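Scroll down for the structure; my scribbles are underneath it.
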Amino acid sequence: MSNVSSSSNELSFDDHGFAVFHDVDEFEKCCCCLSGKKLDAIHIDHQRLLCKKFLRGWPESHARHPSQLRCLIKRGLPMEERPAIWKTLLGCEQLKSTSTFSYQECLRAVRLQLVALNISEYALSAQSHELWDLETIGTESGAVHKPSQISHLIALPTLRQIIVDVDRTFPTHRMFMGDTSAAKEGRASLFRLLCVYSVYNSEVGYCQGMSYIAGMLLMQMSSEEESFWAMMALFEKPKYLSGYFDATLQRIQNHAAIFQKLLLQRYPRLAKHLITLEVNCLMFVTPWFMCLFTSMPCWNSVLAIWDLLLLDGISTIFRVALAILHLDRVRCLGCSEMGQLLPKLLHPPAEIIQMASFIPMVWKISVEKWEIESLQAILTEEAEIPGE
């Protein structure tokens, strides 16, 4: 499937597993079409050795030489070392060893509910309509169960939304694309992962945006269960996305407001232009932040963003967002109405996100933790002033 076919109608896949649409113009800027400059073999081998040495000594190596990992990440992580680095930075093993939650036990319980609802994890698209419209759900034996009479581990609205979003998540990646056995297993794995997390954190359940983060982790980590603990770390730790997916979405709203103030400080002309056109930062940073930039068109850049994010935490999203607007500011300033500007912000052009120019800009931009805290304090104070 990954070999380039002699027929122009058949697909080939890039190094990251994304389909390359050779003969369709609108897909020329598909994920990872512009993958940036590749590292030479000698550099990769050297980086690989340094990563292995660093991980063998973890956490003492990090305590003794805290800048070493930063240098490794800045130079670029070898693809095969990334899962171990991510797992270590997220503290997956510690989370798993100190938790009473069992992924496999929960998965067995989820599967019992699926059996009761006559749902196959391997045929979600074909059966999704049954959960949308029917008051009753039939079984093979002809018996009929009313959903209200079944004790649900996962609420039906949550289950419906997960099923719908699984089909929409990375539809051009070979792990999830098409009818191959690998793609069916990939979609089933994504479905299981999201279902189990919705049980683990029943207060949040499932929120749109989660599927892209789960999909990214399934692409990178060594197993489905390892992806779960990585996802749990991202969603539960304050350093990362804790509070992003709760019912109020308060943290993402706060971060959008903080970014608005950052933009006004760093690029006042652009910020005022957005205000003039009535474009609120919440309109475009919400998908950027909640999906951790996984919709960006250069996958090497997306991976590099995630490397830095897992190292430094949530401040990285502000740096990345500022880098996008810095590099695209001339085009944005040329827009005269919201209808022109907003689509450009939601879908930055591939040439701007190329790794060779974009990632150095992200590293160059600094957003300190104290800045975020200070701007949050200002927002809190403004909210307390009557009439503000």
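As shown in the structure tokens, the chain order sets the letters A, B, ...; within each chain, residues go from 1, and ligands are also counted from 1 in the order they appear.
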
Taking 2 positions as the minimum chain separation for residues in the same chain, which residues sit within 10 Å of Ala84 in chain A when counting only C-alpha atoms? Answer as a PyMOL selection string. chain A and resi 51-52+55+80-82+86-90+220-222

Now that the selection is made, can you save its residues with N, CA, C and O atoms as a PDB file, in the first residue's frame?
```
ATOM      1  N   CYS A  51      19.873  10.078  22.238  1.00  0.00           N
ATOM      2  CA  CYS A  51      18.555   9.853  22.852  1.00  0.00           C
ATOM      3  C   CYS A  51      18.566   8.604  23.729  1.00  0.00           C
ATOM      4  O   CYS A  51      18.067   8.622  24.864  1.00  0.00           O
ATOM      5  N   LYS A  52      19.132   7.543  23.224  1.00  0.00           N
ATOM      6  CA  LYS A  52      19.178   6.295  23.986  1.00  0.00           C
ATOM      7  C   LYS A  52      19.990   6.463  25.265  1.00  0.00           C
ATOM      8  O   LYS A  52      19.604   5.993  26.342  1.00  0.00           O
ATOM      9  N   LEU A  55      17.963   8.563  27.767  1.00  0.00           N
ATOM     10  CA  LEU A  55      16.841   7.838  28.360  1.00  0.00           C
ATOM     11  C   LEU A  55      17.302   6.768  29.344  1.00  0.00           C
ATOM     12  O   LEU A  55      16.626   6.497  30.340  1.00  0.00           O
ATOM     13  N   GLU A  80      12.110   6.956  15.253  1.00  0.00           N
ATOM     14  CA  GLU A  80      12.009   5.736  16.057  1.00  0.00           C
ATOM     15  C   GLU A  80      12.259   5.984  17.540  1.00  0.00           C
ATOM     16  O   GLU A  80      11.900   5.151  18.380  1.00  0.00           O
ATOM     17  N   GLU A  81      12.863   7.120  17.889  1.00  0.00           N
ATOM     18  CA  GLU A  81      13.106   7.434  19.307  1.00  0.00           C
ATOM     19  C   GLU A  81      11.988   8.276  19.913  1.00  0.00           C
ATOM     20  O   GLU A  81      11.906   8.421  21.124  1.00  0.00           O
ATOM     21  N   ARG A  82      11.141   8.837  19.064  1.00  0.00           N
ATOM     22  CA  ARG A  82      10.096   9.755  19.542  1.00  0.00           C
ATOM     23  C   ARG A  82       9.139   9.092  20.550  1.00  0.00           C
ATOM     24  O   ARG A  82       8.820   9.704  21.584  1.00  0.00           O
ATOM     25  N   TRP A  86       8.525  10.768  24.203  1.00  0.00           N
ATOM     26  CA  TRP A  86       7.194  11.247  24.587  1.00  0.00           C
ATOM     27  C   TRP A  86       6.692  10.538  25.841  1.00  0.00           C
ATOM     28  O   TRP A  86       6.168  11.167  26.756  1.00  0.00           O
ATOM     29  N   LYS A  87       6.838   9.230  25.854  1.00  0.00           N
ATOM     30  CA  LYS A  87       6.380   8.433  26.991  1.00  0.00           C
ATOM     31  C   LYS A  87       7.074   8.886  28.279  1.00  0.00           C
ATOM     32  O   LYS A  87       6.456   8.986  29.345  1.00  0.00           O
ATOM     33  N   THR A  88       8.356   9.187  28.172  1.00  0.00           N
ATOM     34  CA  THR A  88       9.129   9.621  29.340  1.00  0.00           C
ATOM     35  C   THR A  88       8.706  11.014  29.787  1.00  0.00           C
ATOM     36  O   THR A  88       8.495  11.263  30.981  1.00  0.00           O
ATOM     37  N   LEU A  89       8.573  11.943  28.844  1.00  0.00           N
ATOM     38  CA  LEU A  89       8.188  13.307  29.199  1.00  0.00           C
ATOM     39  C   LEU A  89       6.791  13.360  29.824  1.00  0.00           C
ATOM     40  O   LEU A  89       6.536  14.150  30.733  1.00  0.00           O
ATOM     41  N   LEU A  90       5.889  12.525  29.326  1.00  0.00           N
ATOM     42  CA  LEU A  90       4.520  12.512  29.846  1.00  0.00           C
ATOM     43  C   LEU A  90       4.385  11.762  31.168  1.00  0.00           C
ATOM     44  O   LEU A  90       3.384  11.897  31.866  1.00  0.00           O
ATOM     45  N   GLN A 220       1.965   7.289  16.913  1.00  0.00           N
ATOM     46  CA  GLN A 220       3.331   7.417  17.419  1.00  0.00           C
ATOM     47  C   GLN A 220       3.705   6.398  18.490  1.00  0.00           C
ATOM     48  O   GLN A 220       4.853   5.956  18.536  1.00  0.00           O
ATOM     49  N   MET A 221       2.765   6.056  19.352  1.00  0.00           N
ATOM     50  CA  MET A 221       3.098   5.185  20.486  1.00  0.00           C
ATOM     51  C   MET A 221       3.100   3.730  20.052  1.00  0.00           C
ATOM     52  O   MET A 221       2.598   3.367  18.988  1.00  0.00           O
ATOM     53  N   SER A 222       3.642   2.878  20.903  1.00  0.00           N
ATOM     54  CA  SER A 222       3.861   1.482  20.509  1.00  0.00           C
ATOM     55  C   SER A 222       2.637   0.596  20.678  1.00  0.00           C
ATOM     56  O   SER A 222       2.587  -0.499  20.137  1.00  0.00           O
TER      57      SER A 222
END
```

Quick one: everything within 9 Å of Val362 in chain A, counting only C-alpha atoms, minus sequence neighbours fewer than 2 positions away in the same chain. Send it as a compact mmCIF listing (two decimals) with N, CA, C and O atoms, in the first residue's frame.
```
# COMPACT_ATOMS: atom_id res chain seq x y z
N ILE A 305 6.39 20.44 16.79
CA ILE A 305 5.57 21.21 17.74
C ILE A 305 5.25 20.35 18.96
O ILE A 305 5.37 20.80 20.10
N THR A 316 3.86 26.45 24.87
CA THR A 316 4.24 26.19 23.48
C THR A 316 3.14 26.58 22.51
O THR A 316 3.41 27.07 21.40
N ARG A 319 3.41 30.15 21.55
CA ARG A 319 4.57 30.39 20.69
C ARG A 319 4.27 29.99 19.25
O ARG A 319 4.61 30.70 18.30
N VAL A 320 3.63 28.83 19.10
CA VAL A 320 3.29 28.35 17.76
C VAL A 320 2.29 29.28 17.09
O VAL A 320 2.44 29.64 15.91
N ALA A 321 1.26 29.68 17.82
CA ALA A 321 0.24 30.57 17.26
C ALA A 321 0.84 31.92 16.85
O ALA A 321 0.51 32.47 15.79
N LEU A 322 1.73 32.45 17.69
CA LEU A 322 2.40 33.72 17.34
C LEU A 322 3.28 33.55 16.11
O LEU A 322 3.36 34.44 15.26
N ALA A 323 3.94 32.38 15.99
CA ALA A 323 4.80 32.13 14.82
C ALA A 323 3.97 32.09 13.53
O ALA A 323 4.39 32.63 12.50
N ILE A 324 2.80 31.45 13.59
CA ILE A 324 1.93 31.39 12.41
C ILE A 324 1.55 32.80 11.97
O ILE A 324 1.66 33.16 10.79
N PHE A 358 9.56 27.38 9.62
CA PHE A 358 8.57 27.59 10.66
C PHE A 358 9.09 27.22 12.06
O PHE A 358 8.93 27.99 13.01
N ILE A 359 9.69 26.05 12.20
CA ILE A 359 10.12 25.60 13.53
C ILE A 359 11.20 26.50 14.12
O ILE A 359 11.14 26.82 15.32
N PRO A 360 12.20 26.98 13.36
CA PRO A 360 13.13 27.95 13.94
C PRO A 360 12.44 29.20 14.45
O PRO A 360 12.85 29.78 15.48
N LYS A 364 12.43 30.67 18.24
CA LYS A 364 12.89 32.05 18.44
C LYS A 364 11.93 32.84 19.32
O LYS A 364 12.36 33.70 20.11
N ILE A 365 10.64 32.56 19.19
CA ILE A 365 9.62 33.29 19.96
C ILE A 365 9.58 32.76 21.39
O ILE A 365 9.56 31.55 21.62
N SER A 366 9.56 33.65 22.33
CA SER A 366 9.53 33.26 23.75
C SER A 366 8.22 33.72 24.38
O SER A 366 7.82 34.88 24.21
```

Return as JSON, numbers by chain the full set of residues in range 90-274 of chain A whose backbone-based DSSP assignment is strand (DSSP E). {"A": [137, 138, 144, 145]}

Atoms to include: N, CA, C and O atoms. Write the selected residues as a compact mmCIF listing (two decimals), in the first residue's frame.
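selection05.txt, freshly written:
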```txt
# COMPACT_ATOMS: atom_id res chain seq x y z
N ILE A 137 -33.23 -0.74 19.46
CA ILE A 137 -32.10 -1.34 18.77
C ILE A 137 -32.29 -2.85 18.76
O ILE A 137 -32.42 -3.49 19.80
N GLY A 138 -32.33 -3.44 17.57
CA GLY A 138 -32.58 -4.86 17.44
C GLY A 138 -31.34 -5.70 17.65
O GLY A 138 -30.23 -5.22 17.54
N VAL A 144 -35.82 -6.94 20.95
CA VAL A 144 -35.67 -5.50 20.84
C VAL A 144 -35.42 -4.92 22.23
O VAL A 144 -36.11 -5.23 23.18
N HIS A 145 -34.37 -4.08 22.32
CA HIS A 145 -34.05 -3.44 23.59
C HIS A 145 -34.29 -1.94 23.46
O HIS A 145 -33.84 -1.32 22.50
```

Give me the residues within 7 Å of range 225-241 of chain A as a list in words, counting only C-alpha atoms and dropping any in the same chain fewer than 6 places off.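 Residues near the query, excluding close chain neighbours: Lys87, Leu90, Cys92, Lys96, Tyr103, Leu193, Ala214, Leu217, Leu218, Gly313 and Ile314 of chain A.
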
For those residues, write C-alpha atoms to a file as a compact mmCIF listing (two decimals), in the first residue's frame.
```txt
# COMPACT_ATOMS: atom_id res chain seq x y z
CA LYS A 87 6.38 8.43 26.99
CA LEU A 90 4.52 12.51 29.85
CA CYS A 92 3.20 7.37 31.38
CA LYS A 96 0.03 3.65 35.12
CA TYR A 103 -7.45 -0.22 30.66
CA LEU A 193 -9.35 4.47 23.08
CA ALA A 214 -5.87 10.23 20.27
CA LEU A 217 -0.84 9.15 19.80
CA LEU A 218 -1.91 5.93 18.11
CA GLY A 313 3.98 22.43 28.32
CA ILE A 314 1.11 24.72 27.39
```

Hey, what's within 9 Å of Ile44 in chain A if we count only C-alpha atoms and toss same-chain stuff fewer than 4 positions away? As a PyMOL selection string, please? chain A and resi 39-40+48-49+76-78

Those same residues - N, CA and C atoms - I'd like them written as a PDB file, in the first residue's frame.
```pdb
ATOM      1  N   LEU A  39      16.765  15.086   7.592  1.00  0.00           N
ATOM      2  CA  LEU A  39      18.059  15.050   8.251  1.00  0.00           C
ATOM      3  C   LEU A  39      18.927  13.992   7.594  1.00  0.00           C
ATOM      4  N   ASP A  40      20.236  14.248   7.537  1.00  0.00           N
ATOM      5  CA  ASP A  40      21.113  13.258   6.925  1.00  0.00           C
ATOM      6  C   ASP A  40      21.312  12.077   7.864  1.00  0.00           C
ATOM      7  N   ARG A  48      20.151   9.503  17.515  1.00  0.00           N
ATOM      8  CA  ARG A  48      19.597   8.265  18.055  1.00  0.00           C
ATOM      9  C   ARG A  48      20.422   7.784  19.250  1.00  0.00           C
ATOM     10  N   LEU A  49      21.731   7.798  19.100  1.00  0.00           N
ATOM     11  CA  LEU A  49      22.619   7.363  20.183  1.00  0.00           C
ATOM     12  C   LEU A  49      22.484   8.267  21.405  1.00  0.00           C
ATOM     13  N   GLY A  76      16.136  17.942  16.411  1.00  0.00           N
ATOM     14  CA  GLY A  76      15.221  17.041  15.707  1.00  0.00           C
ATOM     15  C   GLY A  76      15.344  15.610  16.186  1.00  0.00           C
ATOM     16  N   LEU A  77      14.248  15.052  16.680  1.00  0.00           N
ATOM     17  CA  LEU A  77      14.254  13.683  17.197  1.00  0.00           C
ATOM     18  C   LEU A  77      14.127  12.681  16.052  1.00  0.00           C
ATOM     19  N   PRO A  78      14.908  11.613  16.073  1.00  0.00           N
ATOM     20  CA  PRO A  78      14.685  10.523  15.110  1.00  0.00           C
ATOM     21  C   PRO A  78      13.302   9.917  15.328  1.00  0.00           C
TER      22      PRO A  78
END
```
